[in-house]
Structure formats: C-alpha cells, structure tokens
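Notes follow once the structure below has been shown.
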Amino acid sequence: QVQLVESGGGSVQAGGSLRLSCAASGNRDNMYCMGWFRQGPGEEREGVAHIDNAGRTNYADSVKGRFTISKDNTKNILSLEMNSLRPGDTAMYYCAAASVRAYITAGGCRSARYPYWGQGTQVTVSS
C-alpha cells in the first residue's frame with residue numbers, strides 16, 4: 001500500500017507560480033512511477049507530468065517549459081514546480097504512484113496504471 005498527501009495548492013494570478021508537494025509513505029516498490037494529474041471543471045483527468053525512479057521525466061505538451069517535476073527519493077517527496085501559470089491550469093491536482101510492474105507492463109510511466117492516489121489539492125489561476 002501507498003499513502004499520498006498533497007499540499008501547496010492555492011489561488012494565484014496568471015503569470016504566477018506555485019509549488020505542489022506530495023508526501024509518500026508505504027511500500028517503495030509501489031512508487032517506481034510517480035505522477036501529477038489534474039482534472040478541471042467538466043473535464044476529464046489528464047496526466048501532467050511523470051517521473052520514474054531513475055529520474056526520467058515526461059510532460060504534457062500544455063505544460064512543457066513551465067512545469068518541472070522532481071522527486072526526493074530519500075524523503076519520498078514528489079514536487080511540481082509550476083511557473084507562468086494560466087487560467088487553463090485551474091484544476092484539482094492529484095499525486096499518484098505506480099509499481100515497477102505497472103511501468104514494465106505499460107512501457108513507461110506515462111501510460112502506466114496508477115492504483116494509488118492522493119486526495120488532491122486545488123489550484124486556481126485567475127486572469
């Protein structure tokens with residue numbers, strides 16, 4: 001099992017920055033892939049950024065160059081640095097984790113099935 005707790009959301013004006021954090025605990029074997037997802041009002045959930053245990057990352061096209069995902073493996077903390085925020089970034093942001101088996105099955109963290117989720121943290125960007 002894995003427990004995930006997000007923090008750092010809030011309200012900011014367009015062009016501003018926020019840093020999200022996700023404290024992870026539990027079985028490290030289930031934290032090989034970690035990712036940030038978001039779901040805006042009336043929208044489907046989408047993957048924002050993913051990182052594996054080797055530090056390889058990938059990003060949704062909409063956030064490339066603006067968001068940076070990182071992971072402190074010693075403290076089991078996943079972070080998402082968000083810069084140049086836009087109103088379209090407004091969403092509930094979720095942290096998620098998946099095992100190495102999920103990584104291998106899917107061929108990567110972006111496509112992996114994530115069975116462990118945090119409760120989410122709201123990000124609101126005003127124009």
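Identifiers in this document derive from the order of the structure tokens: chains are assigned A, B, ..., residues are numbered from 1 separately in each chain, and ligands are numbered from 1 in order of occurrence.
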
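Counting only C-alpha atoms, Gly35 in chain A has the following residues at most 9 Å away, ignoring those fewer than 6 positions along the same chain: Gly47, Val48, Ala49, His50, Ile51, Asp52, Ile69, Leu78, Tyr94, Cys95, Ala96, Ala97, Ala98, Cys109, Arg110 and Tyr114 of chain A.
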
- Task: Identify, on the basis of only C-alpha atoms, every residue whose closest approach to range 16-28 of chain A does not exceed 8 Å; exclude the query and any residue fewer than 6 positions from it along the same chain; express the result as an MDAnalysis selection string.
- Result: chainID A and resid 1:10 76:85 95

- Item | Straight-line distance linking CA of Met34 in chain A with CA of Asp72 in chain A, stated in Å to one decimal |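 Computing it gives 11.4 Å between the two atoms.
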
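The spacing separating CA of Cys33 in chain A from CA of Ala91 in chain A amounts to 21.9 Å.
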
- Message: Ranking A:Gly55, A:Asp61, A:Asn73, A:Ala112 by minimum distance to Val100 in chain A and counting only C-alpha atoms, which one comes first?
- Response: A:Ala112

- Task: Give me the residues within 12 Å of Gln39 in chain A as JSON, numbers by chain, counting only C-alpha atoms and dropping any in the same chain fewer than 5 places off.
- Result: {"A": [44, 45, 46, 47, 48, 88, 89, 90, 91, 92, 93, 94, 95, 120, 121, 122, 123, 124]}

- Could you tell me, as an MDAnalysis selection string, which residues of range 8-76 of chain A DSSP assigns to strand (DSSP E) when given the backbone? chainID A and resid 10:13 18:26 33:39 46:52 57:59 67:72

- In Å, with one decimal, what is the gap from CA of Gly15 in chain A to CA of Arg86 in chain A? 6.4 Å
